[in-house]
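K.L.:
My structure is stored as model_25.pdb, with PDB, C-alpha atoms.
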ATOM      1  CA  MET A   9      91.068 140.391 137.104
ATOM      2  CA  ASP A  10      89.225 137.119 136.706
ATOM      3  CA  TRP A  11      90.241 134.136 134.580
ATOM      4  CA  GLY A  12      87.859 135.060 131.782
ATOM      5  CA  SER A  13      89.702 138.327 131.237
ATOM      6  CA  VAL A  14      93.041 136.526 131.243
ATOM      7  CA  VAL A  15      91.800 134.096 128.593
ATOM      8  CA  TRP A  16      90.503 137.003 126.456
ATOM      9  CA  LEU A  17      93.864 138.755 126.686
ATOM     10  CA  LEU A  18      95.762 135.604 125.755
ATOM     11  CA  LEU A  19      93.452 134.929 122.819
ATOM     12  CA  ALA A  20      93.851 138.519 121.630
ATOM     13  CA  ILE A  21      97.647 138.429 121.808
ATOM     14  CA  VAL A  22      98.063 134.975 120.293
ATOM     15  CA  GLY A  23      95.425 135.685 117.643
ATOM     16  CA  ALA A  24      97.058 138.947 116.559
ATOM     17  CA  ALA A  25     100.495 137.315 116.475
ATOM     18  CA  SER A  26      99.084 134.406 114.495
ATOM     19  CA  ILE A  27      97.534 136.737 111.929
ATOM     20  CA  ALA A  28     100.715 138.816 111.571
ATOM     21  CA  GLY A  29     102.983 135.774 111.383
ATOM     22  CA  GLY A  30     100.665 134.073 108.934
ATOM     23  CA  VAL A  31     100.707 137.063 106.598
ATOM     24  CA  VAL A  32     104.507 137.136 106.658
ATOM     25  CA  ALA A  33     104.734 133.378 106.097
ATOM     26  CA  TYR A  34     102.236 133.560 103.254
ATOM     27  CA  ARG A  35     104.090 136.325 101.448
ATOM     28  CA  ARG A  36     107.621 134.931 101.891
ATOM     29  CA  GLY A  37     107.104 131.187 101.888
ATOM     30  CA  GLY A  38     106.842 128.653  99.125
ATOM     31  CA  SER A  39     103.814 126.456  98.704
ATOM     32  CA  VAL A  40     104.225 124.949 102.180
ATOM     33  CA  GLY A  41     104.801 128.389 103.702
ATOM     34  CA  GLN A  42     101.703 129.731 102.009
ATOM     35  CA  THR A  43      99.644 126.822 103.281
ATOM     36  CA  LEU A  44     100.865 127.227 106.848
ATOM     37  CA  GLY A  45     100.512 131.010 106.619
ATOM     38  CA  ALA A  46      96.911 130.770 105.477
ATOM     39  CA  ALA A  47      96.142 128.292 108.261
ATOM     40  CA  SER A  48      97.772 130.612 110.789
ATOM     41  CA  VAL A  49      95.711 133.583 109.613
ATOM     42  CA  ALA A  50      92.538 131.484 109.787
ATOM     43  CA  ALA A  51      93.375 130.401 113.341
ATOM     44  CA  GLY A  52      94.002 134.017 114.372
ATOM     45  CA  VAL A  53      90.707 135.150 112.867
ATOM     46  CA  ALA A  54      88.931 132.323 114.705
ATOM     47  CA  MET A  55      90.487 133.456 117.997
ATOM     48  CA  TRP A  56      89.297 137.015 117.416
ATOM     49  CA  ALA A  57      85.827 135.721 116.506
ATOM     50  CA  ILE A  58      85.695 133.904 119.854
ATOM     51  CA  ILE A  59      86.670 137.119 121.617
ATOM     52  CA  LEU A  60      84.034 139.179 119.818
ATOM     53  CA  VAL A  61      81.315 136.651 120.600
ATOM     54  CA  THR A  62      82.138 136.141 124.288
ATOM     55  CA  VAL A  63      83.121 139.618 125.543
ATOM     56  CA  PRO A  64      80.120 141.361 127.118
ATOM     57  CA  MET A  65      79.190 144.705 125.576
ATOM     58  CA  SER A  66      78.190 146.231 128.906
ATOM     59  CA  THR A  67      78.101 145.386 132.576
ATOM     60  CA  SER A  68      75.949 146.502 135.457
ATOM     61  CA  SER A  69      76.636 146.963 139.120
ATOM     62  CA  GLY A  70      74.165 144.251 140.026
ATOM     63  CA  ASP A  71      71.822 146.601 141.873
ATOM     64  CA  SER A  72      68.243 146.534 140.679
ATOM     65  CA  PRO A  73      66.369 149.801 140.373
ATOM     66  CA  ALA A  74      63.633 150.449 142.891
ATOM     67  CA  PRO A  75      60.231 149.209 141.736
ATOM     68  CA  ILE A  76      57.660 151.764 140.681
ATOM     69  CA  VAL A  77      54.414 151.465 142.591
ATOM     70  CA  VAL A  78      51.371 152.994 140.904
ATOM     71  CA  THR A  79      48.736 154.038 143.433
ATOM     72  CA  ASP A  80      46.345 155.877 141.122
ATOM     73  CA  GLN A  81      43.464 153.964 139.628
ATOM     74  CA  ILE A  82      41.894 154.673 136.292
ATOM     75  CA  PRO A  83      38.164 155.313 136.773
ATOM     76  CA  ALA A  84      35.971 152.798 134.990
ATOM     77  CA  GLY A  85      33.506 154.046 132.431
TER      78      GLY A  85
END
Can the structure from this file be put into structure tokens for me?
P.N.:
Amino acid sequence: MDWGSVVWLLLAIVGAASIAGGVVAYRRGGSVGQTLGAASVAAGVAMWAIILVTVPMSTSSGDSPAPIVVTDQIPAG
């Protein structure tokens, strides 16, 4: 596992915990708790946005397909 995957996992875990903790703080806290809860949810959503933007949708093995060589010619005229 490379460092990029480790960073994605950390962002996912911290982002999810930030969203969940922010929702709890928003619902149970006073005005300060609601402010911090909303900021925590926003930070968690930002972390998940970074993950969604940077994770590749597909990967390849790195091998290129063999080139196709066309030997037939189209007759002119």
K.L.:
So what does the PyMOL selection byres ((chain A and resi 52) around 9) actually pick up in this one, as a PDB file with C-alpha atoms, in the coordinates of the input?
P.N.:
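result-v3.pdb, written as the output of this step:
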ATOM      1  CA  LEU A  19      93.452 134.929 122.819  1.00  0.00           C
ATOM      2  CA  ALA A  20      93.851 138.519 121.630  1.00  0.00           C
ATOM      3  CA  VAL A  22      98.063 134.975 120.293  1.00  0.00           C
ATOM      4  CA  GLY A  23      95.425 135.685 117.643  1.00  0.00           C
ATOM      5  CA  ALA A  24      97.058 138.947 116.559  1.00  0.00           C
ATOM      6  CA  ALA A  25     100.495 137.315 116.475  1.00  0.00           C
ATOM      7  CA  SER A  26      99.084 134.406 114.495  1.00  0.00           C
ATOM      8  CA  ILE A  27      97.534 136.737 111.929  1.00  0.00           C
ATOM      9  CA  ALA A  28     100.715 138.816 111.571  1.00  0.00           C
ATOM     10  CA  GLY A  30     100.665 134.073 108.934  1.00  0.00           C
ATOM     11  CA  ALA A  47      96.142 128.292 108.261  1.00  0.00           C
ATOM     12  CA  SER A  48      97.772 130.612 110.789  1.00  0.00           C
ATOM     13  CA  VAL A  49      95.711 133.583 109.613  1.00  0.00           C
ATOM     14  CA  ALA A  50      92.538 131.484 109.787  1.00  0.00           C
ATOM     15  CA  ALA A  51      93.375 130.401 113.341  1.00  0.00           C
ATOM     16  CA  VAL A  53      90.707 135.150 112.867  1.00  0.00           C
ATOM     17  CA  ALA A  54      88.931 132.323 114.705  1.00  0.00           C
ATOM     18  CA  MET A  55      90.487 133.456 117.997  1.00  0.00           C
ATOM     19  CA  TRP A  56      89.297 137.015 117.416  1.00  0.00           C
ATOM     20  CA  ALA A  57      85.827 135.721 116.506  1.00  0.00           C
TER      21      ALA A  57
END
K.L.:
Have a look at A:Gln81, A:Thr62, A:Thr67, A:Ala74 and name the one nearest to Trp16 in chain A; count all atoms listed in the file.
P.N.:
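Ranked by minimum distance to Trp16 in chain A, first place goes to A:Thr62.
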K.L.:
Using Å and a single decimal, report how far CA of Leu44 in chain A sits from CA of Val61 in chain A.
P.N.:
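So the two atoms, CA of Val61 in chain A and CA of Leu44 in chain A, lie 25.7 Å apart.
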K.L.:
One decimal, Å: what's the distance from CA of Asp10 in chain A over to CA of Val63 in chain A, could you say?
P.N.:
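Going from CA of Asp10 in chain A over to CA of Val63 in chain A covers 13.0 Å.
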K.L.:
Can you work out which one of A:Ile59, A:Gly29, A:Ser66, A:Ala46 has the shortest atom-to-atom distance to Gly12 in chain A, counting only C-alpha atoms?
P.N.:
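Smallest distance to Gly12 in chain A is found for A:Ile59.
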K.L.:
How many Å separate CA of Ile58 in chain A from CA of Met9 in chain A?
P.N.:
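One can read the CA of Ile58 in chain A to CA of Met9 in chain A distance as 19.2 Å.
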K.L.:
Could range 13-26 of chain A be completed with N, CA and C atoms and written as a compact mmCIF listing (two decimals), in the coordinates of the input, please?
P.N.:
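Wrote it out as rebuild-v9.txt, contents follow:
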# COMPACT_ATOMS: atom_id res chain seq x y z
N SER A 13 88.95 137.21 131.82
CA SER A 13 89.70 138.33 131.24
C SER A 13 91.10 137.89 130.81
N VAL A 14 91.71 137.03 131.59
CA VAL A 14 93.04 136.53 131.24
C VAL A 14 92.98 135.72 129.95
N VAL A 15 91.95 134.90 129.81
CA VAL A 15 91.80 134.10 128.59
C VAL A 15 91.57 135.01 127.39
N TRP A 16 90.74 136.06 127.56
CA TRP A 16 90.50 137.00 126.46
C TRP A 16 91.79 137.69 126.04
N LEU A 17 92.60 138.10 127.02
CA LEU A 17 93.86 138.76 126.69
C LEU A 17 94.81 137.81 125.95
N LEU A 18 94.90 136.58 126.42
CA LEU A 18 95.76 135.60 125.76
C LEU A 18 95.29 135.31 124.33
N LEU A 19 93.97 135.16 124.16
CA LEU A 19 93.45 134.93 122.82
C LEU A 19 93.73 136.12 121.91
N ALA A 20 93.60 137.32 122.44
CA ALA A 20 93.85 138.52 121.63
C ALA A 20 95.31 138.59 121.19
N ILE A 21 96.22 138.34 122.12
CA ILE A 21 97.65 138.43 121.81
C ILE A 21 98.06 137.33 120.85
N VAL A 22 97.68 136.10 121.15
CA VAL A 22 98.06 134.98 120.29
C VAL A 22 97.38 135.08 118.93
N GLY A 23 96.13 135.53 118.91
CA GLY A 23 95.42 135.68 117.64
C GLY A 23 96.06 136.74 116.76
N ALA A 24 96.41 137.89 117.35
CA ALA A 24 97.06 138.95 116.56
C ALA A 24 98.43 138.49 116.05
N ALA A 25 99.19 137.82 116.90
CA ALA A 25 100.50 137.32 116.48
C ALA A 25 100.34 136.25 115.39
N SER A 26 99.32 135.44 115.50
CA SER A 26 99.08 134.41 114.50
C SER A 26 98.72 135.02 113.14
